[in-house]
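Notes follow once the structure below has been shown.
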Amino acid sequence: MPVDHSFLDSTVLSRLMGLPLNARRPMIGNASGRHRSPVKGSSIEFAQYRQYVPGDDTRRLDWRTWGRSDRFYIKEFEADTNLRLALIVDASGSMGFGPPQATRLDYGRKLAGTLAYLAAQQGDAVGLWGVGKDHRQKIPAKRGAAHLGVALNQLGGLRAQGGTTLLESLHEAAEQIRQRALVAVISDFFVPPLTLRHALQHLLFRRHDIALFHLLDPVELTFDFDRPARFVDMEGGDSLLIDPSLVARRYREVVKKYLTELDEVIRTTGVDYHRVRLGEPYEEVLARFLLSRLRSGGGRRSY
Amino acid sequence: MSFLQPLLLLGLPLALAPVIIHLIHQLRRRQIPWAAMMFLLAAQRMHKGLSKLRQYLILALRMLAVAALILVIGRPLAGGLLGLTGGAPDSVIVLLDRSASMEQKLLSTGTSKRVAALHNLTEAIEEAYGARSKLTLIDSATLEPTAIENAKVLPDLPQTGPTDTAADVPALMQAGLDFITANRTGRTDLWLVSDLRQAGWNVGGGRWKALREALASLEGVRLHLLAYSESPEADLGIVVEKTARRETADGAELLIDLRIRRSEPVSEPLTVPVRVVVNGLGSALDAVLQGDEVLLQAQAIPIDGNTKRGWGRVELPADANPADNVFHFVFGEPPPLKSVIVSEAEEVAVPLQAALSAAADPARSYDCAVLPPGRAAEIVWDETSLVVWQAPIPPAESAAATQLEAQVRAGRALLFLPPETPGQEPFEGVRWGNWRAADGAEPLLPEWWRTDAGLLAHTRAGTALPAGELEVQRWCELVGEGVPLARFGEDADRAPLLLRTSRESQSGAYFLTTWPGPGASSLARDGVVLFALLHRALQDGSASLGNAVQREAAAGSLGDDPSDWTRVDLDDPALVSSIDRPLQSGVLERAGASGDTAMLVALNRAPDEDAPQVVARSSLEEMFDGLDWRLHERTLENEKSLTNEVWRTFLMIMAAALILEALLCMPGRSPKESRSPMELWKEAA
């Protein structure tokens, strides 16, 4: 079966290749990489001194310190490890919003695919969680070009349908991704912000680095319709006959309240949050994302 | 509420169109796949109650607008103050006052009260009732009901034309009531058109109580009183009180007594030109009016010496009330003043006969006969000006009673004196009661008597009769209602001394409650009062005798067949139909039988028609208390229709409904002080 990888744009990839994908927290990888590790390793970057305990490798004794203090100290260096990128892509019915070939899911696919490619290029492991009521596809994070191909294939095959299982999936991910990872969630987050907070705290408890890509269409914010219409729930719920002239003001108030609450959740949890307007070039969104991580110093600069 | 285009109301179900369109739209709305349902649900939940209410309000306003539009097209009519609401009744009866006073005109337009009322009423009936109600006209002149096919012809009917008759509103109401009762008219609107003149309404009369009770007992009868009660300003009226022919050295002259009245007194002497026409030849004289009245006595108009009888009229310049600007008169050989005393007591008859035999006017002959009651049949009724009946009142339907009634009806005089043994028979509702005597030794004196008119009025020179000096020892009580002309004081329970059975002057029978002789009163001893009383009655009674008489215009004033009479004061007598001849003022002649002289009659308005006093609103409310009635007051200047087209009101309702609907449909404003979602978006971005 031919796999469509059209969501990957080589031009964008080549332009973003220069920006590293850094984690904002130390990662525990299974291979040497460019990301800081919580354990000490053998990189060239000094970390700390600690007193010698029996069993330590005597080759790491700092003789100069012994000479000055007559005590044995072990000189420790930062360890470099690789990153586990867990991409959680919402594939519920609401992700199908938008014109054909330019739906929210299509947009999310571009973001996720590009991130996956960039991570793989710098030797990180890439995993994919496609979440929706009708499908749950979990590809564990692994390194290697072949695995990237599998992940991209799965990403290309996602279809927006059914109700959302985002919250359940986030909790599930928190439980199942045992090692620290950069969890990038791409969704419309049409869930109550307070419930989202619990899911995020669950992930944070597992010491994951969390990045949220909140995809919204402007019309979903402004509700800019002029004539009454029947609004059909894309996730299979009831339809509503709505006169926009009567409801629009209340709608905007509800949206505003939602965004305010969501901002509060982001502020308290400290997750990396990116509100994305559909129609915005995804390259800019990713560049902004990568640059912000670069500036925050979460990753080791390894130029 | 009624409509000029009621068929268009069939379109009223179209008011449901907004609901139907709304339902269709609900089924045919475009569908939009929507992701952010959680916001929409929350917004709708917050807005649900108000939204539903607003939606229902919008629908209701749209329906109201459509309904109002259809009602506008239907041209709704509102009675407004008229109270023409409630739909068309089964019958509409118009009671029209055609009296002379209804001819009061608005000088600028020449429209009389009668014409204005007819036009207004015609329009109202056409618009409010259409052809749905059976229309009947009863006019005050004939009291005959006339079925009307179409209200439009109402102003052109002969039965609604002008007359110089007097109004008898209670009789008019009674005619309407009789028609309703006889024809079972169902739901009926009774329209009484009147100028509310007191003289025609006779508010104090006993008939109103019976009328009110009868009307109250009828189901579904609604009374509308269309009143034109305004009085004319500076209106002059003229009356000829007396005419007499006198031989002179040059031939002859006609002596006329004229009375000119003005509705409002003048502050400075006012010269009023009067035109006098005698046998077709006109002359003029000036009368100087001071105050509100002037009496011109014995105005001499020269006539041909060979003219023994003739006719004429006096005319005033035109003013707001043309009906009282002309007065017709006739003159001729005066008839002998014949009187008959029917008495059972000689002591009563003697002073009466003495008074009646004495000549008050030397130029006329007097003849008085005394007959016992058993010989009453010998009376030559047609030639007798006065009958004095001092005997028990004959039973109703007896020959004597019938003759007495005919005597009164013909305008001749009838004076009852109490018999020694009063019976129970009434005459025109009045009967004798018991004899009473004055308490103690002091005789009773009359406390009050009418001085402006009637048998005891002041003399023409203004001198009062010495009626207050009369001493009465015995009198007989009266049972029944009449018009007192003199009465005793509290000592005698205000019992009448002299009473007339009819409210109309110079008609009806008189009741004198005492005898002239000793032991009863001092009438015979102080003969002035008795003489004046008897001779005035005799004079009044003679007015209808002879071959040149004055009469008031009324339905029966020319007898049973008015076609026998011809108008002699008009160049073209055919201008006046035989039906209208007895109703309009003028001079008429009836050819006599072979050898007899032709009869001349001058018909004029009743003197009461000149009295401008109107019935007060409070009196009307008292009279119609408990009835379903409405007063619609109009003036000649007030052209306001009885019905109003109220489509403008509905148009405004429609406009208001549409504006409200638009306001409700307007989207609400977002609060400016808070940030919009897009602002939040930009901030986050």
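Identifiers for the structure tokens are assigned positionally: chains receive A, B, ... in sequence, residues are indexed from 1 per chain, and ligands are indexed from 1 in the order shown.
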*asked:* Show me, as a PyMOL selection string, every residue of chain A with an atom at most 8 Å from chain B, counting only C-alpha atoms.
replied: chain A and resi 93-95+97+190-191+218+220-222+228-235+241+245-256+259+274-276
*Name all residues at most 7 Å from stretch 471-484 of chain B (count only C-alpha atoms; drop same-chain ones fewer than 6 positions away) and give them as a ChimeraX atom specification.*
/B:418,429-438,443-445,495-496,498-503,513-514,519-522
So that I have them on file, write out the residues from the current selection with N, CA and C atoms, as a PDB file, in the first residue's frame.
ATOM      1  N   PRO B 418    -115.622  70.604  40.099  1.00  0.00           N
ATOM      2  CA  PRO B 418    -115.938  69.377  40.843  1.00  0.00           C
ATOM      3  C   PRO B 418    -117.444  69.203  41.060  1.00  0.00           C
ATOM      4  N   GLY B 429    -106.205  61.011  32.502  1.00  0.00           N
ATOM      5  CA  GLY B 429    -105.347  60.614  33.623  1.00  0.00           C
ATOM      6  C   GLY B 429    -105.618  61.357  34.918  1.00  0.00           C
ATOM      7  N   VAL B 430    -106.574  62.259  34.921  1.00  0.00           N
ATOM      8  CA  VAL B 430    -106.852  63.027  36.149  1.00  0.00           C
ATOM      9  C   VAL B 430    -108.304  62.785  36.552  1.00  0.00           C
ATOM     10  N   ARG B 431    -108.496  62.566  37.854  1.00  0.00           N
ATOM     11  CA  ARG B 431    -109.874  62.383  38.342  1.00  0.00           C
ATOM     12  C   ARG B 431    -110.045  63.156  39.639  1.00  0.00           C
ATOM     13  N   TRP B 432    -111.315  63.304  39.995  1.00  0.00           N
ATOM     14  CA  TRP B 432    -111.615  64.025  41.232  1.00  0.00           C
ATOM     15  C   TRP B 432    -111.340  63.140  42.431  1.00  0.00           C
ATOM     16  N   GLY B 433    -110.864  63.766  43.526  1.00  0.00           N
ATOM     17  CA  GLY B 433    -110.696  63.056  44.791  1.00  0.00           C
ATOM     18  C   GLY B 433    -111.820  63.435  45.741  1.00  0.00           C
ATOM     19  N   ASN B 434    -111.468  63.710  46.969  1.00  0.00           N
ATOM     20  CA  ASN B 434    -112.485  64.036  47.981  1.00  0.00           C
ATOM     21  C   ASN B 434    -112.543  65.549  48.188  1.00  0.00           C
ATOM     22  N   TRP B 435    -113.716  65.957  48.605  1.00  0.00           N
ATOM     23  CA  TRP B 435    -113.866  67.369  48.978  1.00  0.00           C
ATOM     24  C   TRP B 435    -113.107  67.615  50.275  1.00  0.00           C
ATOM     25  N   ARG B 436    -112.505  68.754  50.383  1.00  0.00           N
ATOM     26  CA  ARG B 436    -111.844  69.132  51.632  1.00  0.00           C
ATOM     27  C   ARG B 436    -112.243  70.569  51.981  1.00  0.00           C
ATOM     28  N   ALA B 437    -112.190  70.838  53.218  1.00  0.00           N
ATOM     29  CA  ALA B 437    -112.550  72.185  53.679  1.00  0.00           C
ATOM     30  C   ALA B 437    -111.355  72.779  54.409  1.00  0.00           C
ATOM     31  N   ALA B 438    -111.318  74.089  54.402  1.00  0.00           N
ATOM     32  CA  ALA B 438    -110.216  74.773  55.086  1.00  0.00           C
ATOM     33  C   ALA B 438    -110.320  74.554  56.590  1.00  0.00           C
ATOM     34  N   PRO B 443    -110.140  81.165  55.550  1.00  0.00           N
ATOM     35  CA  PRO B 443    -110.142  80.480  54.251  1.00  0.00           C
ATOM     36  C   PRO B 443    -108.702  80.336  53.717  1.00  0.00           C
ATOM     37  N   LEU B 444    -108.568  79.417  52.768  1.00  0.00           N
ATOM     38  CA  LEU B 444    -107.247  79.221  52.130  1.00  0.00           C
ATOM     39  C   LEU B 444    -107.046  80.256  51.034  1.00  0.00           C
ATOM     40  N   LEU B 445    -105.789  80.636  50.854  1.00  0.00           N
ATOM     41  CA  LEU B 445    -105.452  81.536  49.751  1.00  0.00           C
ATOM     42  C   LEU B 445    -104.469  80.822  48.820  1.00  0.00           C
ATOM     43  N   ALA B 495    -102.064  71.441  47.265  1.00  0.00           N
ATOM     44  CA  ALA B 495    -103.086  70.941  46.338  1.00  0.00           C
ATOM     45  C   ALA B 495    -103.324  71.971  45.245  1.00  0.00           C
ATOM     46  N   PRO B 496    -103.589  71.530  44.007  1.00  0.00           N
ATOM     47  CA  PRO B 496    -103.815  72.496  42.929  1.00  0.00           C
ATOM     48  C   PRO B 496    -105.184  73.173  43.033  1.00  0.00           C
ATOM     49  N   LEU B 498    -105.938  75.184  40.190  1.00  0.00           N
ATOM     50  CA  LEU B 498    -106.234  75.090  38.755  1.00  0.00           C
ATOM     51  C   LEU B 498    -105.148  74.225  38.121  1.00  0.00           C
ATOM     52  N   LEU B 499    -105.576  73.280  37.292  1.00  0.00           N
ATOM     53  CA  LEU B 499    -104.606  72.326  36.711  1.00  0.00           C
ATOM     54  C   LEU B 499    -104.976  72.069  35.260  1.00  0.00           C
ATOM     55  N   ARG B 500    -103.949  71.904  34.446  1.00  0.00           N
ATOM     56  CA  ARG B 500    -104.173  71.560  33.046  1.00  0.00           C
ATOM     57  C   ARG B 500    -103.643  70.153  32.820  1.00  0.00           C
ATOM     58  N   THR B 501    -104.381  69.356  32.090  1.00  0.00           N
ATOM     59  CA  THR B 501    -103.963  67.955  31.926  1.00  0.00           C
ATOM     60  C   THR B 501    -102.795  67.817  30.960  1.00  0.00           C
ATOM     61  N   SER B 502    -102.640  68.747  30.050  1.00  0.00           N
ATOM     62  CA  SER B 502    -101.552  68.651  29.069  1.00  0.00           C
ATOM     63  C   SER B 502    -100.491  69.692  29.389  1.00  0.00           C
ATOM     64  N   ARG B 503     -99.257  69.319  29.081  1.00  0.00           N
ATOM     65  CA  ARG B 503     -98.181  70.275  29.310  1.00  0.00           C
ATOM     66  C   ARG B 503     -98.178  71.362  28.244  1.00  0.00           C
ATOM     67  N   THR B 513    -110.606  73.410  41.022  1.00  0.00           N
ATOM     68  CA  THR B 513    -110.950  72.493  42.113  1.00  0.00           C
ATOM     69  C   THR B 513    -111.948  73.087  43.116  1.00  0.00           C
ATOM     70  N   THR B 514    -112.486  74.234  42.847  1.00  0.00           N
ATOM     71  CA  THR B 514    -113.501  74.795  43.750  1.00  0.00           C
ATOM     72  C   THR B 514    -114.642  75.390  42.935  1.00  0.00           C
ATOM     73  N   GLY B 519    -119.669  79.760  50.084  1.00  0.00           N
ATOM     74  CA  GLY B 519    -119.421  78.511  50.803  1.00  0.00           C
ATOM     75  C   GLY B 519    -118.301  77.720  50.194  1.00  0.00           C
ATOM     76  N   ALA B 520    -117.872  78.096  48.999  1.00  0.00           N
ATOM     77  CA  ALA B 520    -116.764  77.387  48.347  1.00  0.00           C
ATOM     78  C   ALA B 520    -115.583  78.343  48.125  1.00  0.00           C
ATOM     79  N   SER B 521    -115.821  79.452  47.473  1.00  0.00           N
ATOM     80  CA  SER B 521    -114.725  80.374  47.222  1.00  0.00           C
ATOM     81  C   SER B 521    -115.280  81.768  46.952  1.00  0.00           C
ATOM     82  N   SER B 522    -114.353  82.693  46.825  1.00  0.00           N
ATOM     83  CA  SER B 522    -114.745  84.075  46.521  1.00  0.00           C
ATOM     84  C   SER B 522    -114.587  84.383  45.044  1.00  0.00           C
TER      85      SER B 522
END
*Neighbour list for B:Pro582 as a count of residues only, cut-off 6 Å, only C-alpha atoms, skip fewer than 4 positions in-chain*: 5
*asked:* Residues of stretch 1-225 of chain A classed as helix (DSSP H, G or I) by DSSP on the backbone are to be reported as a VMD selection string.
replied: chain A and resid 10 to 16 58 to 60 63 to 69 93 to 96 104 to 121 145 to 156 166 to 176 193 to 205 218 to 222
*asked:* If we count only C-alpha atoms and set the cut-off at 12 Å, which residues sit around stretch 358-370 of chain B, ignoring sequence neighbours fewer than 2 positions away in its own chain? Please answer as JSON, numbers by chain.
replied: {"B": [244, 245, 246, 247, 333, 334, 335, 336, 337, 338, 339, 340, 341, 342, 343, 344, 345, 346, 347, 348, 349, 350, 351, 352, 353, 354, 355, 356, 372, 373, 374, 375, 376, 378, 379, 380, 383, 384, 385, 386, 387, 388, 389, 390, 527, 528, 530, 531, 532, 533, 534, 535, 536, 538, 539, 542]}
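Of the listed residues A:Gln121, A:Phe225, A:Ala86, A:Ser10, the one whose atoms come nearest to A:Arg178 is A:Ala86, with distances taken using only C-alpha atoms.
With only C-alpha atoms taken into account, the protein and nucleic acid residues at most 10 Å from A:Leu8 (excluding it and anything under 3 positions from it in its own chain) are Asp4, His5, Thr11, Val12, Leu13, Arg109, Lys110, Leu111, Ala112, Gly113, Thr114, Leu115, Tyr117, Leu152 and Gly156 of chain A.
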_Taking only stretch 430-585 of chain B into account, list the residues labelled strand (DSSP E) by DSSP (computed from the backbone), as a ChimeraX atom specification._
/B:431-437,448-449,474-479,483-487,496-500,510-512,548-552,565-567
Any chance you could export the current selection's N, CA and C atoms as a compact mmCIF listing (two decimals), in the first residue's frame?
# COMPACT_ATOMS: atom_id res chain seq x y z
N ARG B 431 -108.50 62.57 37.85
CA ARG B 431 -109.87 62.38 38.34
C ARG B 431 -110.04 63.16 39.64
N TRP B 432 -111.32 63.30 39.99
CA TRP B 432 -111.61 64.03 41.23
C TRP B 432 -111.34 63.14 42.43
N GLY B 433 -110.86 63.77 43.53
CA GLY B 433 -110.70 63.06 44.79
C GLY B 433 -111.82 63.43 45.74
N ASN B 434 -111.47 63.71 46.97
CA ASN B 434 -112.49 64.04 47.98
C ASN B 434 -112.54 65.55 48.19
N TRP B 435 -113.72 65.96 48.60
CA TRP B 435 -113.87 67.37 48.98
C TRP B 435 -113.11 67.62 50.28
N ARG B 436 -112.50 68.75 50.38
CA ARG B 436 -111.84 69.13 51.63
C ARG B 436 -112.24 70.57 51.98
N ALA B 437 -112.19 70.84 53.22
CA ALA B 437 -112.55 72.19 53.68
C ALA B 437 -111.35 72.78 54.41
N TRP B 448 -99.43 80.08 45.02
CA TRP B 448 -98.68 80.29 43.78
C TRP B 448 -99.60 80.11 42.59
N TRP B 449 -99.39 80.89 41.57
CA TRP B 449 -100.07 80.66 40.30
C TRP B 449 -99.15 81.11 39.17
N ARG B 474 -113.75 75.57 50.41
CA ARG B 474 -113.87 74.16 50.06
C ARG B 474 -113.15 73.94 48.73
N TRP B 475 -112.56 72.83 48.66
CA TRP B 475 -111.98 72.44 47.37
C TRP B 475 -111.98 70.93 47.26
N CYS B 476 -111.83 70.47 46.07
CA CYS B 476 -111.85 69.02 45.82
C CYS B 476 -110.44 68.58 45.39
N GLU B 477 -110.01 67.51 45.99
CA GLU B 477 -108.67 67.00 45.66
C GLU B 477 -108.66 66.44 44.23
N LEU B 478 -107.45 66.41 43.66
CA LEU B 478 -107.27 65.82 42.33
C LEU B 478 -106.30 64.64 42.42
N VAL B 479 -106.61 63.61 41.68
CA VAL B 479 -105.73 62.44 41.64
C VAL B 479 -105.23 62.29 40.20
N VAL B 483 -100.40 69.68 34.83
CA VAL B 483 -99.56 70.88 35.00
C VAL B 483 -100.34 71.88 35.85
N PRO B 484 -99.89 72.09 37.11
CA PRO B 484 -100.63 73.04 37.95
C PRO B 484 -100.45 74.46 37.41
N LEU B 485 -101.52 75.20 37.40
CA LEU B 485 -101.45 76.62 37.02
C LEU B 485 -101.64 77.50 38.24
N ALA B 486 -102.20 76.95 39.31
CA ALA B 486 -102.31 77.66 40.59
C ALA B 486 -102.45 76.59 41.67
N ARG B 487 -101.87 76.87 42.84
CA ARG B 487 -101.99 75.87 43.90
C ARG B 487 -101.98 76.56 45.26
N PRO B 496 -103.59 71.53 44.01
CA PRO B 496 -103.81 72.50 42.93
C PRO B 496 -105.18 73.17 43.03
N LEU B 497 -105.18 74.44 42.67
CA LEU B 497 -106.45 75.15 42.54
C LEU B 497 -106.90 75.07 41.09
N LEU B 498 -105.94 75.18 40.19
CA LEU B 498 -106.23 75.09 38.76
C LEU B 498 -105.15 74.22 38.12
N LEU B 499 -105.58 73.28 37.29
CA LEU B 499 -104.61 72.33 36.71
C LEU B 499 -104.98 72.07 35.26
N ARG B 500 -103.95 71.90 34.45
CA ARG B 500 -104.17 71.56 33.05
C ARG B 500 -103.64 70.15 32.82
N TYR B 510 -108.95 71.72 31.54
CA TYR B 510 -108.61 72.40 32.78
C TYR B 510 -109.47 71.83 33.91
N PHE B 511 -108.88 71.76 35.08
CA PHE B 511 -109.61 71.36 36.28
C PHE B 511 -109.53 72.51 37.28
N LEU B 512 -110.70 73.10 37.62
CA LEU B 512 -110.75 74.12 38.69
C LEU B 512 -111.32 73.40 39.91
N ALA B 548 -111.07 81.08 9.78
CA ALA B 548 -109.67 81.50 9.69
C ALA B 548 -109.03 81.25 11.07
N VAL B 549 -108.29 80.18 11.13
CA VAL B 549 -107.80 79.77 12.45
C VAL B 549 -106.26 79.60 12.42
N GLN B 550 -105.72 79.74 13.61
CA GLN B 550 -104.28 79.51 13.81
C GLN B 550 -104.11 78.12 14.41
N ARG B 551 -103.16 77.38 13.94
CA ARG B 551 -102.89 76.07 14.52
C ARG B 551 -101.38 75.84 14.56
N GLU B 552 -101.03 74.91 15.39
CA GLU B 552 -99.62 74.50 15.42
C GLU B 552 -99.42 73.38 14.41
N TRP B 565 -106.26 70.28 1.39
CA TRP B 565 -105.78 71.63 1.67
C TRP B 565 -104.74 72.06 0.63
N THR B 566 -104.70 73.36 0.38
CA THR B 566 -103.77 73.90 -0.60
C THR B 566 -103.02 75.07 0.03
N ARG B 567 -101.74 75.11 -0.25
CA ARG B 567 -100.97 76.23 0.27
C ARG B 567 -101.30 77.49 -0.54
*For B:Met102, please output as a list in words all residues within 9 Å (counting only C-alpha atoms; exclusion window: fewer than 6 positions along the same chain).*
Ser112, Lys113, Arg114, Val115, Pro162, Thr163, Ser194, Asp195, Tyr228, Asn321 and Ala323 of chain B
Using only N, CA and C atoms, please write the residues we just selected to a file, as an mmCIF file, in the first residue's frame.
data_model
loop_
_atom_site.group_PDB
_atom_site.id
_atom_site.type_symbol
_atom_site.label_atom_id
_atom_site.label_comp_id
_atom_site.auth_asym_id
_atom_site.auth_seq_id
_atom_site.Cartn_x
_atom_site.Cartn_y
_atom_site.Cartn_z
ATOM 1 N N SER B 112 -78.133 72.355 8.640
ATOM 2 C CA SER B 112 -78.935 72.353 9.865
ATOM 3 C C SER B 112 -78.542 71.174 10.752
ATOM 4 N N LYS B 113 -79.001 71.246 11.984
ATOM 5 C CA LYS B 113 -78.733 70.143 12.907
ATOM 6 C C LYS B 113 -79.303 68.837 12.356
ATOM 7 N N ARG B 114 -80.505 68.931 11.805
ATOM 8 C CA ARG B 114 -81.142 67.726 11.278
ATOM 9 C C ARG B 114 -80.316 67.121 10.141
ATOM 10 N N VAL B 115 -79.889 67.975 9.227
ATOM 11 C CA VAL B 115 -79.125 67.479 8.071
ATOM 12 C C VAL B 115 -77.774 66.920 8.523
ATOM 13 N N PRO B 162 -87.476 68.673 6.717
ATOM 14 C CA PRO B 162 -87.726 69.650 7.784
ATOM 15 C C PRO B 162 -89.220 69.811 8.065
ATOM 16 N N THR B 163 -89.532 70.067 9.292
ATOM 17 C CA THR B 163 -90.914 70.364 9.663
ATOM 18 C C THR B 163 -90.908 71.514 10.666
ATOM 19 N N SER B 194 -81.540 64.181 18.554
ATOM 20 C CA SER B 194 -82.309 65.255 19.163
ATOM 21 C C SER B 194 -81.410 66.451 19.459
ATOM 22 N N ASP B 195 -82.071 67.603 19.657
ATOM 23 C CA ASP B 195 -81.322 68.781 20.085
ATOM 24 C C ASP B 195 -81.479 69.019 21.586
ATOM 25 N N TYR B 228 -77.381 67.297 19.420
ATOM 26 C CA TYR B 228 -76.882 68.588 18.936
ATOM 27 C C TYR B 228 -77.525 69.649 19.822
ATOM 28 N N ASN B 321 -81.291 80.384 13.103
ATOM 29 C CA ASN B 321 -82.456 79.509 13.207
ATOM 30 C C ASN B 321 -83.571 80.049 12.330
ATOM 31 N N ALA B 323 -86.215 78.733 11.344
ATOM 32 C CA ALA B 323 -87.565 78.260 11.635
ATOM 33 C C ALA B 323 -88.372 79.284 12.430
#
*Non-local contacts of B:Leu190 (9 Å; only C-alpha atoms; under 4 positions in same chain excluded) as a ChimeraX atom specification*: /B:91-95,176,221-225
Take the residues that were just selected and, keeping C-alpha atoms, output them as a PDB file, in the first residue's frame.
ATOM      1  CA  SER B  91     -81.989  46.015  14.009  1.00  0.00           C
ATOM      2  CA  VAL B  92     -81.178  49.667  14.008  1.00  0.00           C
ATOM      3  CA  ILE B  93     -83.996  52.066  14.792  1.00  0.00           C
ATOM      4  CA  VAL B  94     -83.469  55.747  14.134  1.00  0.00           C
ATOM      5  CA  LEU B  95     -85.681  58.039  16.191  1.00  0.00           C
ATOM      6  CA  GLY B 176     -89.584  53.059  19.185  1.00  0.00           C
ATOM      7  CA  VAL B 221     -81.359  47.098  23.367  1.00  0.00           C
ATOM      8  CA  ARG B 222     -78.700  49.746  23.289  1.00  0.00           C
ATOM      9  CA  LEU B 223     -79.562  53.419  23.201  1.00  0.00           C
ATOM     10  CA  HIS B 224     -77.400  55.942  21.392  1.00  0.00           C
ATOM     11  CA  LEU B 225     -78.275  59.559  21.883  1.00  0.00           C
TER      12      LEU B 225
END
